[in-house]
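Trainee: Provided herewith: entry.txt, compact mmCIF, C-alpha atoms.
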```
# COMPACT_ATOMS: atom_id res chain seq x y z
CA MET A 1 0.00 0.00 0.00
CA THR A 2 1.15 3.55 -0.60
CA HIS A 3 0.52 6.79 1.15
CA ALA A 4 1.36 10.43 0.90
CA SER A 5 2.46 11.18 4.45
CA THR A 6 4.28 9.61 7.35
CA SER A 7 3.60 9.74 11.08
CA SER A 8 5.82 10.50 14.04
CA ALA A 9 4.30 7.48 15.77
CA HIS A 10 5.98 5.26 13.23
CA PRO A 11 9.46 6.67 12.60
CA ALA A 12 10.41 3.83 10.25
CA ALA A 13 7.48 4.62 7.93
CA GLN A 14 8.31 4.91 4.27
CA GLU A 15 6.36 6.45 1.42
CA THR A 16 5.85 2.95 0.08
CA ALA A 17 5.34 -0.05 2.33
CA VAL A 18 5.78 -3.46 0.69
CA TYR A 19 3.58 -6.31 1.86
CA THR A 20 6.25 -8.56 3.35
CA HIS A 21 4.55 -11.93 2.93
CA GLY A 22 3.27 -11.69 -0.63
CA HIS A 23 0.54 -14.11 -1.73
CA HIS A 24 2.38 -17.38 -2.15
CA GLU A 25 0.34 -20.54 -1.49
CA SER A 26 2.01 -20.91 1.92
CA VAL A 27 0.74 -17.46 2.88
CA LEU A 28 -2.81 -18.08 1.68
CA ARG A 29 -2.72 -21.44 3.49
CA SER A 30 -2.33 -19.48 6.71
CA HIS A 31 -4.76 -16.69 5.87
CA SER A 32 -7.50 -19.09 4.74
CA TRP A 33 -7.41 -20.78 8.15
CA ARG A 34 -8.59 -17.57 9.80
CA THR A 35 -12.20 -17.20 10.90
CA ALA A 36 -14.16 -14.58 12.77
CA ALA A 37 -14.11 -16.92 15.78
CA ASN A 38 -10.33 -17.44 15.90
CA SER A 39 -9.30 -14.00 14.66
CA ALA A 40 -12.02 -11.46 15.52
CA ALA A 41 -13.72 -12.74 18.68
CA TYR A 42 -13.25 -9.35 20.37
CA LEU A 43 -15.39 -7.74 17.64
CA LEU A 44 -18.27 -10.22 17.57
CA PRO A 45 -20.31 -8.70 20.45
CA SER A 46 -20.44 -5.45 18.44
CA LEU A 47 -21.99 -7.12 15.38
CA SER A 48 -25.68 -7.53 14.68
CA ALA A 49 -27.98 -8.07 11.73
CA GLY A 50 -28.33 -5.09 9.43
CA LEU A 51 -24.98 -3.39 10.07
CA ASP A 52 -22.80 -2.21 7.17
CA VAL A 53 -19.19 -3.38 7.51
CA LEU A 54 -15.94 -2.42 5.79
CA ASP A 55 -13.32 -5.18 5.98
CA VAL A 56 -9.91 -3.67 5.24
CA GLY A 57 -7.14 -5.94 3.95
CA CYS A 58 -9.52 -8.85 3.51
CA GLY A 59 -7.03 -11.24 1.88
CA PRO A 60 -8.67 -14.51 0.80
CA GLY A 61 -11.92 -13.51 2.49
CA THR A 62 -12.58 -16.19 5.09
CA ILE A 63 -13.07 -13.67 7.91
CA THR A 64 -15.03 -11.46 5.52
CA ALA A 65 -17.45 -14.28 4.75
CA ASP A 66 -18.03 -14.93 8.45
CA LEU A 67 -18.73 -11.25 9.05
CA ALA A 68 -21.16 -11.14 6.13
CA ALA A 69 -23.11 -14.09 7.52
CA LEU A 70 -23.34 -12.40 10.91
CA VAL A 71 -24.64 -9.01 9.70
CA THR A 72 -26.97 -10.06 6.88
CA PRO A 73 -29.11 -8.33 5.59
CA GLY A 74 -26.46 -5.70 6.23
CA ARG A 75 -23.69 -5.44 3.66
CA VAL A 76 -19.96 -6.07 3.84
CA THR A 77 -17.55 -4.21 1.60
CA ALA A 78 -14.17 -5.97 1.53
CA VAL A 79 -11.06 -4.28 0.19
CA ASP A 80 -7.44 -5.26 -0.33
CA ALA A 81 -4.44 -3.60 -1.92
CA ALA A 82 -3.74 -6.72 -4.03
CA GLU A 83 -6.27 -7.35 -6.77
CA GLY A 84 -5.16 -10.95 -7.29
CA VAL A 85 -6.16 -12.17 -3.84
CA LEU A 86 -9.68 -10.82 -4.33
CA VAL A 87 -10.29 -13.62 -6.84
CA LYS A 88 -9.96 -16.09 -3.96
CA ALA A 89 -12.11 -13.91 -1.69
CA ARG A 90 -14.90 -13.72 -4.26
CA ALA A 91 -14.78 -17.50 -4.65
CA VAL A 92 -15.12 -18.02 -0.90
CA ALA A 93 -18.17 -15.75 -0.78
CA ALA A 94 -19.70 -17.53 -3.76
CA GLU A 95 -19.07 -20.97 -2.25
CA ARG A 96 -20.96 -19.90 0.87
CA GLY A 97 -23.84 -18.44 -1.12
CA LEU A 98 -23.33 -14.94 0.27
CA GLU A 99 -24.99 -12.17 -1.69
CA ASN A 100 -24.31 -9.28 0.68
CA VAL A 101 -20.56 -8.91 -0.01
CA GLU A 102 -18.74 -6.80 -2.56
CA PHE A 103 -15.01 -6.52 -3.16
CA ALA A 104 -12.72 -3.76 -4.37
CA VAL A 105 -9.07 -2.74 -4.55
CA ALA A 106 -8.26 0.04 -2.10
CA ASP A 107 -5.47 1.79 -0.21
CA VAL A 108 -6.26 2.07 3.49
CA HIS A 109 -4.34 5.35 3.66
CA SER A 110 -6.81 6.94 1.23
CA LEU A 111 -10.13 5.07 1.15
CA ASP A 112 -12.43 5.84 -1.75
CA PHE A 113 -15.59 6.05 0.37
CA PRO A 114 -17.55 9.05 1.66
CA ASP A 115 -17.44 10.05 5.31
CA ASP A 116 -19.72 8.06 7.64
CA SER A 117 -20.26 5.15 5.22
CA PHE A 118 -20.08 2.15 7.57
CA ASP A 119 -21.19 1.03 11.03
CA VAL A 120 -18.10 -1.16 11.55
CA VAL A 121 -14.63 -0.82 10.04
CA HIS A 122 -12.40 -3.85 10.64
CA ALA A 123 -8.77 -4.67 9.87
CA HIS A 124 -7.04 -7.91 10.77
CA GLN A 125 -3.22 -8.13 10.52
CA VAL A 126 -3.13 -4.99 8.36
CA LEU A 127 -1.60 -2.14 10.33
CA GLN A 128 1.70 -3.98 10.81
CA HIS A 129 2.20 -3.92 7.03
CA VAL A 130 1.32 -0.33 6.11
CA GLY A 131 3.64 2.65 5.86
CA ASP A 132 1.57 4.92 8.10
CA PRO A 133 -0.72 3.07 10.52
CA VAL A 134 -1.93 6.29 12.16
CA GLN A 135 -3.11 7.69 8.84
CA ALA A 136 -4.74 4.33 8.11
CA LEU A 137 -6.67 4.54 11.38
CA ARG A 138 -7.67 8.12 10.62
CA GLU A 139 -9.14 6.98 7.32
CA MET A 140 -10.91 4.06 8.98
CA ARG A 141 -12.36 6.54 11.49
CA ARG A 142 -13.43 8.96 8.74
CA VAL A 143 -15.53 6.37 6.92
CA CYS A 144 -17.13 5.04 10.13
CA ARG A 145 -20.46 6.46 11.24
CA PRO A 146 -20.86 8.17 14.61
CA GLY A 147 -21.68 5.51 17.17
CA GLY A 148 -19.92 2.87 15.11
CA VAL A 149 -16.68 1.04 15.85
CA VAL A 150 -13.25 0.76 14.29
CA ALA A 151 -11.62 -2.57 15.14
CA ALA A 152 -8.05 -3.68 14.52
CA ARG A 153 -6.06 -6.74 15.55
CA ASP A 154 -2.36 -7.29 14.90
CA SER A 155 0.15 -9.84 16.04
CA ASP A 156 3.32 -8.85 17.89
CA TYR A 157 6.34 -10.73 16.60
CA GLY A 158 8.57 -9.56 19.42
CA ALA A 159 6.31 -11.34 21.90
CA PHE A 160 6.13 -14.67 20.04
CA ALA A 161 7.12 -17.58 22.27
CA TRP A 162 7.97 -21.19 21.47
CA TYR A 163 9.42 -24.36 22.87
CA PRO A 164 11.81 -26.09 22.40
CA GLU A 165 14.10 -23.14 21.82
CA ARG A 166 16.14 -23.29 18.64
CA PRO A 167 18.92 -20.82 17.74
CA ALA A 168 17.83 -21.03 14.11
CA LEU A 169 14.32 -19.88 15.05
CA ASP A 170 15.81 -16.98 17.00
CA GLY A 171 17.59 -16.17 13.75
CA TRP A 172 14.30 -16.46 11.87
CA LEU A 173 12.65 -13.92 14.17
CA ASP A 174 15.53 -11.48 13.88
CA LEU A 175 15.50 -11.85 10.10
CA TYR A 176 11.76 -11.30 9.90
CA HIS A 177 12.03 -8.10 11.94
CA ARG A 178 14.75 -6.77 9.64
CA VAL A 179 12.92 -7.64 6.42
CA ALA A 180 9.56 -6.29 7.58
CA ARG A 181 11.00 -3.00 8.83
CA ALA A 182 13.04 -2.54 5.66
CA ASN A 183 9.74 -2.85 3.80
CA GLY A 184 8.22 -0.02 5.84
CA GLY A 185 6.18 -2.16 8.24
CA GLU A 186 6.21 -2.69 12.01
CA PRO A 187 6.11 -6.37 13.00
CA ASP A 188 5.64 -5.56 16.70
CA ALA A 189 2.39 -3.76 15.91
CA GLY A 190 0.26 -5.44 18.57
CA ARG A 191 1.75 -3.45 21.45
CA ARG A 192 1.46 -0.20 19.49
CA LEU A 193 -2.22 -0.31 18.48
CA PHE A 194 -3.43 1.64 21.50
CA ALA A 195 -0.87 4.41 20.97
CA TRP A 196 -1.62 4.58 17.25
CA ALA A 197 -5.37 4.82 17.92
CA ARG A 198 -4.85 7.66 20.38
CA GLU A 199 -2.73 9.56 17.87
CA ALA A 200 -5.38 8.97 15.22
CA GLY A 201 -7.86 10.87 17.39
CA PHE A 202 -9.85 8.13 19.08
CA THR A 203 -10.79 8.77 22.69
CA GLU A 204 -13.02 5.79 23.54
CA ILE A 205 -10.76 2.78 23.05
CA THR A 206 -11.13 -0.71 24.48
CA THR A 207 -7.85 -2.63 24.39
CA THR A 208 -7.55 -6.39 24.69
CA ALA A 209 -5.11 -9.15 23.83
CA ALA A 210 -5.58 -12.69 22.56
CA THR A 211 -3.44 -15.52 21.28
CA TRP A 212 -3.20 -18.28 18.76
CA CYS A 213 -1.57 -21.42 20.15
CA PHE A 214 -0.24 -24.30 18.07
CA ALA A 215 0.51 -27.45 20.07
CA THR A 216 -1.33 -30.51 18.72
CA PRO A 217 0.53 -32.71 16.21
CA GLU A 218 -1.68 -31.37 13.42
CA GLU A 219 -1.21 -27.74 14.47
CA ARG A 220 2.56 -28.12 14.80
CA ALA A 221 2.85 -29.73 11.38
CA TRP A 222 0.70 -27.06 9.77
CA TRP A 223 2.41 -24.08 11.42
CA SER A 224 5.96 -25.31 10.94
CA GLY A 225 5.28 -26.42 7.38
CA LEU A 226 3.80 -23.15 6.23
CA TRP A 227 6.66 -21.15 7.76
CA ALA A 228 9.24 -23.49 6.25
CA ASP A 229 7.65 -23.02 2.82
CA ARG A 230 7.23 -19.29 3.32
CA THR A 231 10.89 -18.94 4.31
CA THR A 232 12.18 -20.39 1.05
CA ASP A 233 9.44 -19.90 -1.58
CA SER A 234 7.34 -16.80 -0.86
CA GLY A 235 7.65 -13.11 -1.58
CA TYR A 236 9.17 -12.78 1.88
CA ALA A 237 12.03 -15.05 0.78
CA ASP A 238 12.62 -12.95 -2.32
CA LEU A 239 12.70 -9.76 -0.27
CA ALA A 240 15.06 -11.29 2.28
CA VAL A 241 17.57 -12.20 -0.43
CA SER A 242 17.18 -9.15 -2.68
CA GLY A 243 17.45 -6.84 0.33
CA GLY A 244 20.71 -8.43 1.42
CA HIS A 245 19.25 -9.70 4.69
CA ALA A 246 19.95 -13.42 4.08
CA THR A 247 21.33 -15.83 1.52
CA GLY A 248 19.38 -18.66 -0.04
CA ALA A 249 21.43 -21.12 1.98
CA GLU A 250 20.58 -19.33 5.21
CA LEU A 251 16.88 -19.43 4.36
CA THR A 252 17.12 -23.14 3.63
CA SER A 253 18.74 -23.69 7.03
CA ILE A 254 15.93 -21.78 8.76
CA ALA A 255 13.31 -23.79 6.86
CA GLU A 256 14.96 -27.04 7.94
CA ALA A 257 14.90 -25.84 11.56
CA TRP A 258 11.18 -25.12 11.25
CA ARG A 259 10.51 -28.62 9.96
CA GLU A 260 12.64 -30.22 12.68
CA TRP A 261 10.87 -28.18 15.37
CA GLY A 262 7.52 -29.33 14.00
CA THR A 263 8.41 -32.99 14.55
CA ARG A 264 8.96 -32.54 18.29
CA GLU A 265 6.17 -34.05 20.38
CA ASP A 266 6.61 -31.36 23.03
CA ALA A 267 6.68 -28.42 20.60
CA TRP A 268 4.47 -25.42 21.40
CA PHE A 269 4.09 -22.02 19.73
CA MET A 270 2.18 -18.91 20.85
CA VAL A 271 1.27 -15.92 18.69
CA PRO A 272 0.01 -12.98 20.80
CA HIS A 273 -2.15 -10.19 19.38
CA GLY A 274 -3.06 -6.70 20.43
CA GLU A 275 -6.66 -5.66 19.75
CA ILE A 276 -8.41 -2.28 19.74
CA LEU A 277 -12.12 -1.52 19.58
CA CYS A 278 -12.59 2.21 19.03
CA ARG A 279 -15.99 3.86 19.38
CA VAL A 280 -16.52 6.74 16.94
CA SER A 281 -18.15 9.82 18.46
```
What does this structure look like when you write it as structure tokens?
Mentor:
Amino acid sequence: MTHASTSSAHPAAQETAVYTHGHHESVLRSHSWRTAANSAAYLLPSLSAGLDVLDVGCGPGTITADLAALVTPGRVTAVDAAEGVLVKARAVAAERGLENVEFAVADVHSLDFPDDSFDVVHAHQVLQHVGDPVQALREMRRVCRPGGVVAARDSDYGAFAWYPERPALDGWLDLYHRVARANGGEPDAGRRLFAWAREAGFTEITTTAATWCFATPEERAWWSGLWADRTTDSGYADLAVSGGHATGAELTSIAEAWREWGTREDAWFMVPHGEILCRVS
């Protein structure tokens, strides 16, 4: 996504922020697992039939489809900066027989909607990837009706925790931080959401935190496998090499460590998230 201004709340912001993960199959494998229940539970009490929702950065649309089912006959408008992924999102909506969803390409820093267009504006794992998260929140606030809510949830890579510890996975985390920040993003966004919302002008903010936890054999295999594939084959891998952050051999070593970790019967991984629910006055 691009934007025209930067914010003092995000000193590493660039005029162009590159989406670090890209849309490789290993990325969509992760994103398509997401549901409103496992990724937007903090928002669900604010939803009811008849509300109009804007879903920002909808990706393959699995959360979008859940939201649409919950607010029907209200409408959901789902936007993403990448036109290609909207093909998948439209297919998900069609498979579920949803007729109250529409999709469009948009830049969260400059949304092409009038003021006060929606009752709920939602973004999941978006603000960590944009060049100016405060401006993004200002735009989300602008298009939200008075009395409505702006909701955002982002993971916090610096607070990830796992067992058993592996030096190669420490190296993975350090590498991810460097690549993401070089792209103009902020991977430790979860802890910053409250501060960003305050700077964006919100005064009534409810802050919460929630986690994903991967510990069953199936969860470990899925999580380790997608990160192994992402490390060597995705847009993230290309950016890591082209940016001089890692060699192909180093990425292969990290991927092998991911796969080895996933075979451990005592392996456990936690992904914490910050969440904000901002009432618009």
Trainee: I need the residue nearest Lys88 (chain A) from this list: A:Arg178, A:Arg230, A:Arg141, A:His31. Use all atoms listed in the file for the distance.
Mentor: A:His31
Trainee: In Å, how far is it from CA of Asp52 (chain A) to CA of Val126 (chain A)?
Mentor: 19.9 Å
Trainee: Which residue out of A:Gly201, A:Arg145, A:Thr232, A:Pro164 has the minimum interatomic distance to Thr263 (chain A) when only C-alpha atoms are used?
Mentor: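 So, comparing all the options, the nearest one is A:Pro164.
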Trainee: Pick out the closest residue to Ala180 (chain A) from this set: A:His129, A:Arg220, A:Arg138, A:Arg279. Count all atoms listed in the file.
Mentor: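 Ranked by minimum distance to Ala180 (chain A), first place goes to A:His129.
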Trainee: Nearest to Pro217 (chain A): which of A:Ala237, A:Ala267, A:Asp188, A:Leu175 is it, counting only C-alpha atoms?
Mentor: A:Ala267
Trainee: Using all atoms listed in the file, determine which residues lie at most 9 Å from Leu127 (chain A), disregarding the query and same-chain residues fewer than 4 positions distant; provide the list as a list in words.
Mentor: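 Skipping anything fewer than 4 positions along the chain leaves Ala123, Gly131, Asp132, Pro133, Val134, Ala136, Leu137, Ala152, Arg153, Asp154, Gly185, Glu186, Ala189 and Leu193 of chain A.
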Trainee: May I ask for the distance between CA of Ala197 (chain A) and CA of Leu111 (chain A), given in Å to one decimal place?
Mentor: 17.4 Å
Trainee: Between CA of Arg75 (chain A) and CA of Asn100 (chain A), what distance in Å does the model show, to one decimal?
Mentor: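 Value for the CA of Arg75 (chain A)-CA of Asn100 (chain A) distance: 4.9 Å.
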Trainee: May I have the residues within 12 Å of Ser39 (chain A) as a PyMOL selection string, using all atoms listed in the file and disregarding those fewer than 4 positions away in the same chain?
Mentor: chain A and resi 30-35+43-44+62-64+66-67+122-125+151-155+209-212+271-275
Trainee: Please return as a list of chain:residue names every residue within 10 Å of (11.8, -15.4, 13.0), taking into account all atoms listed in the file and the file's own coordinates.
Mentor: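 Applying the cut-off with all atoms listed in the file, one gets A:Tyr157, A:Gly158, A:Phe160, A:Ala168, A:Leu169, A:Asp170, A:Gly171, A:Trp172, A:Leu173, A:Asp174, A:Leu175, A:Tyr176, A:His177, A:Arg178, A:Trp227, A:Thr231, A:Ile254, A:Trp258.
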Trainee: Would you list the residues near (-13.6, 1.9, 13.0) (no more than 6 Å away, in the coordinates of the file, using only C-alpha atoms) as a list in words?
Mentor: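 Result, sorted by chain then residue number: Val120, Val121, Met140, Arg141, Cys144, Val149, Val150 and Ala151 of chain A.
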Trainee: Select, from A:Asp55, A:Ala65, A:Ala91, A:Val179, the residue with the minimum atom-to-atom distance to Val241 (chain A), counting all atoms listed in the file.
Mentor: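 Distance minimum relative to Val241 (chain A) lands on A:Val179.
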Trainee: Which residue gives the smallest distance to Asp107 (chain A) among A:Val143, A:Val56, A:Val71, A:Ala93, with all atoms listed in the file counted?
Mentor: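 Closest to Asp107 (chain A), using all atoms listed in the file: A:Val56.
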Trainee: Around region 161-170 of chain A, fit a box with edges along x, y and z, padding it by 3 Å on each side, then list its centre and edge lengths in Å to one decimal as AutoDock Vina command-line options.
Mentor:
```
--center_x 13.0 --center_y -21.5 --center_z 18.5 --size_x 17.8 --size_y 15.1 --size_z 14.8
```
Trainee: Find the residues around Trp162 (chain A) up to 8 Å (all atoms listed in the file counted), leave out those fewer than 6 positions away in its own chain, and share them as a list in words.
Mentor: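 Surrounding residues, per the criterion: Ala267, Trp268, Phe269 and Met270 of chain A.
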Trainee: Grab region 144-162 of chain A from that structure and dump N, CA, C and O atoms to a file, as a short mmCIF file (atom, residue, chain, number, x, y, z; two decimals), in the first residue's frame.
Mentor:
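Saved the output as part_16.cif:
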```cif
data_model
loop_
_atom_site.label_atom_id
_atom_site.label_comp_id
_atom_site.auth_asym_id
_atom_site.auth_seq_id
_atom_site.Cartn_x
_atom_site.Cartn_y
_atom_site.Cartn_z
N CYS A 144 -16.25 5.70 9.16
CA CYS A 144 -17.13 5.04 10.13
C CYS A 144 -18.14 6.04 10.66
O CYS A 144 -17.81 7.18 10.99
N ARG A 145 -19.38 5.61 10.77
CA ARG A 145 -20.46 6.46 11.24
C ARG A 145 -20.34 6.75 12.73
O ARG A 145 -19.84 5.92 13.49
N PRO A 146 -20.81 7.90 13.17
CA PRO A 146 -20.86 8.17 14.61
C PRO A 146 -21.64 7.08 15.34
O PRO A 146 -22.70 6.64 14.88
N GLY A 147 -21.09 6.62 16.44
CA GLY A 147 -21.68 5.51 17.17
C GLY A 147 -21.18 4.15 16.73
O GLY A 147 -21.43 3.15 17.40
N GLY A 148 -20.47 4.12 15.61
CA GLY A 148 -19.92 2.87 15.11
C GLY A 148 -18.58 2.55 15.74
O GLY A 148 -18.10 3.26 16.64
N VAL A 149 -17.96 1.46 15.28
CA VAL A 149 -16.68 1.04 15.85
C VAL A 149 -15.64 0.77 14.76
O VAL A 149 -15.98 0.29 13.67
N VAL A 150 -14.42 1.12 15.08
CA VAL A 150 -13.25 0.76 14.29
C VAL A 150 -12.49 -0.30 15.07
O VAL A 150 -12.16 -0.08 16.25
N ALA A 151 -12.25 -1.44 14.46
CA ALA A 151 -11.62 -2.57 15.14
C ALA A 151 -10.36 -2.99 14.40
O ALA A 151 -10.37 -3.10 13.17
N ALA A 152 -9.29 -3.22 15.14
CA ALA A 152 -8.05 -3.68 14.52
C ALA A 152 -7.36 -4.69 15.44
O ALA A 152 -7.36 -4.53 16.66
N ARG A 153 -6.78 -5.69 14.81
CA ARG A 153 -6.06 -6.74 15.55
C ARG A 153 -4.77 -7.03 14.79
O ARG A 153 -4.78 -7.24 13.59
N ASP A 154 -3.65 -7.00 15.52
CA ASP A 154 -2.36 -7.29 14.90
C ASP A 154 -1.52 -8.14 15.84
O ASP A 154 -1.52 -7.93 17.06
N SER A 155 -0.78 -9.05 15.25
CA SER A 155 0.15 -9.84 16.04
C SER A 155 1.34 -9.00 16.46
O SER A 155 1.54 -7.88 15.99
N ASP A 156 2.15 -9.53 17.35
CA ASP A 156 3.32 -8.85 17.89
C ASP A 156 4.48 -9.82 17.87
O ASP A 156 4.63 -10.66 18.76
N TYR A 157 5.28 -9.75 16.80
CA TYR A 157 6.34 -10.73 16.60
C TYR A 157 7.33 -10.75 17.75
O TYR A 157 7.85 -11.81 18.12
N GLY A 158 7.60 -9.60 18.33
CA GLY A 158 8.57 -9.56 19.42
C GLY A 158 8.13 -10.31 20.66
O GLY A 158 8.95 -10.59 21.53
N ALA A 159 6.84 -10.61 20.75
CA ALA A 159 6.31 -11.34 21.90
C ALA A 159 6.00 -12.80 21.58
O ALA A 159 5.48 -13.52 22.43
N PHE A 160 6.31 -13.25 20.36
CA PHE A 160 6.13 -14.67 20.04
C PHE A 160 6.94 -15.51 21.03
O PHE A 160 8.02 -15.14 21.46
N ALA A 161 6.41 -16.67 21.36
CA ALA A 161 7.12 -17.58 22.27
C ALA A 161 6.97 -19.01 21.76
O ALA A 161 5.90 -19.37 21.24
N TRP A 162 8.03 -19.79 21.91
CA TRP A 162 7.97 -21.19 21.47
C TRP A 162 8.89 -22.07 22.30
O TRP A 162 9.79 -21.58 22.99
#
```
